[in-house]
Amino acid sequence: MRQLRREGSAAHAALAVYEGAPRNYLDLVVDMGAHVYGQDKAAYLLGIPLALDSRVIVELGSAFSFYDLGHSYEWSVAQPSESVSTRILLAAARLLAIRGVQSTVYSVDLRDPQPMRPRLAHDFALEAYHQPQFGQDSVAWLQRFEGTIDVLFCDSKHTYRQITAELDAALPTLAARAAVIVDNCYTTTPEAGDPVPGGKFAALQEWSRSHPEFNATWTQRDMLILTRGFSL
Ligand SMILES: C[S@@+](CC[C@H](N)C(=O)[O-])C[C@H]1O[C@@H](n2cnc3c(N)ncnc32)[C@H](O)[C@@H]1O
């Protein structure tokens, strides 16, 4: 903060308040935007739930499998790649509460959480908005889910059959006005047994074609946004 370099008692007082200012849940998003991987996702993951007054937000794939989490307890910059989407979606839920919208984020992942992972919601007083669903397969979870989903974020296994199964399983649970945000949409890695070449990307092209009621917004952020009832 440039103005804090000025001399004088007011400047010192300002510095003291600045340095003592606690971090809050919006800093979870700011830190994403400022420093780390995920910065290009923040506007979509925060903005779309707000635009829809979302009561039910579901993320499929919520842990992060390929990072060693041996570092310190501090969130954000010291935890650059853990819970990227979770923290942004939780911040959205908290902002929705200010608008009087009671919102819940369901975080589904096959794996159990890292030991310190549950502290994210606790440390930022976001527990009321979070329903972790760890140790569960995304498709099986969607098939059991009895609510109505406003925003679905798909970020589990990036394959043809996984994304197709998730979108098909989600379809009956999606609200009339809903958004499905699909991460890593340009992944073309094939898997043995795929019906056509082209991996996740091909699956998304095919699913979009066969579901014209969804508007497909392909972004330069490696995310496809499928919306029903509105366009971005
Ligand atoms: C790319 S990471 C998710 C990252 C997270 N969205 C974030 O922003 O920090 C993918 C996660 O999907 C999970 N996953 C893979 N297959 C799954 C399945 N069938 N059901 C649920 N989770 C799955 C993995 O355990 C892994 O933690």
# chains A, B, ... in the order shown; residues from 1 in each chain; ligands from 1
$ residues_near_ligand --ligand "ligand 1" --cutoff "6 Å" --atoms "only C-alpha atoms and all ligand atoms" --output "list in words"
Leu60, Gly61, Ser62, Ala63, Phe64, Ser65, Glu82, Ser83, Val84, Ser85, Val108, Asp109, Leu110, Arg111, Gln136, Asp137, Ser138, Asp155, Ser156 and Lys157 of chain A
$ residues_around --residues "A:Phe124" --least-positions-apart "2" --cutoff "7 Å" --atoms "only C-alpha atoms" --output "list in words"
Asn24, Tyr25, Leu120, Ala121, His122 and Leu126 of chain A
$ select_by_dssp --residues "stretch 18-229 of chain A" --states "alpha helix (DSSP H)" --output "MDAnalysis selection string"
chainID A and resid 18:20 25:35 42:51 84:98 119:123 138:144 160:170 199:210
$ atom_distance --atom1 "atom CA of A:Leu46" --atom2 "atom CA of A:Leu174"
18.8 Å
$ closest_residue --among "A:Glu127, A:Glu206, A:Asp27, A:Asp53" --to "A:Leu167" --atoms "only C-alpha atoms"
A:Glu206
$ residues_around --residues "A:Ser231" --least-positions-apart "2" --cutoff "10 Å" --atoms "only C-alpha atoms" --output "list in words"
Arg177, Ala179, Phe214, Asn215, Ala216, Thr217, Ile225, Leu226, Thr227, Arg228 and Gly229 of chain A
$ select_by_dssp --residues "stretch 39-229 of chain A" --states "strand (DSSP E)" --output "PyMOL selection string"
chain A and resi 56-60+104-109+130-134+149-154+174-183+215-218+223-228
$ closest_residue --among "A:Leu171, A:Arg87, A:Ile48, A:Ile98" --to "A:Leu232" --atoms "only C-alpha atoms"
A:Ile48
$ closest_atom_pairs --of "stretch 117-167 of chain A" --to "stretch 189-198 of chain A" --cutoff "12 Å" --atoms "only C-alpha atoms" --output "tab-separated table"
residue	atom	partner	partner_atom	distance
A:Lys157	CA	A:Thr189	CA	11.2
A:His158	CA	A:Thr189	CA	8.2
A:Thr159	CA	A:Glu191	CA	7.0
A:Tyr160	CA	A:Asp194	CA	6.5
A:Arg161	CA	A:Asp194	CA	6.8
A:Gln162	CA	A:Asp194	CA	10.3
A:Ile163	CA	A:Asp194	CA	11.8
A:Thr164	CA	A:Asp194	CA	10.8
$ atom_distance --atom1 "atom CA of A:Glu59" --atom2 "atom CA of A:Phe134"
11.2 Å
$ atom_distance --atom1 "atom CA of A:Val151" --atom2 "atom CA of A:Ile88"
13.0 Å
$ closest_residue --among "A:Tyr18, A:Phe145, A:Tyr129, A:Phe153" --to "A:Ala178" --atoms "only C-alpha atoms"
A:Phe153
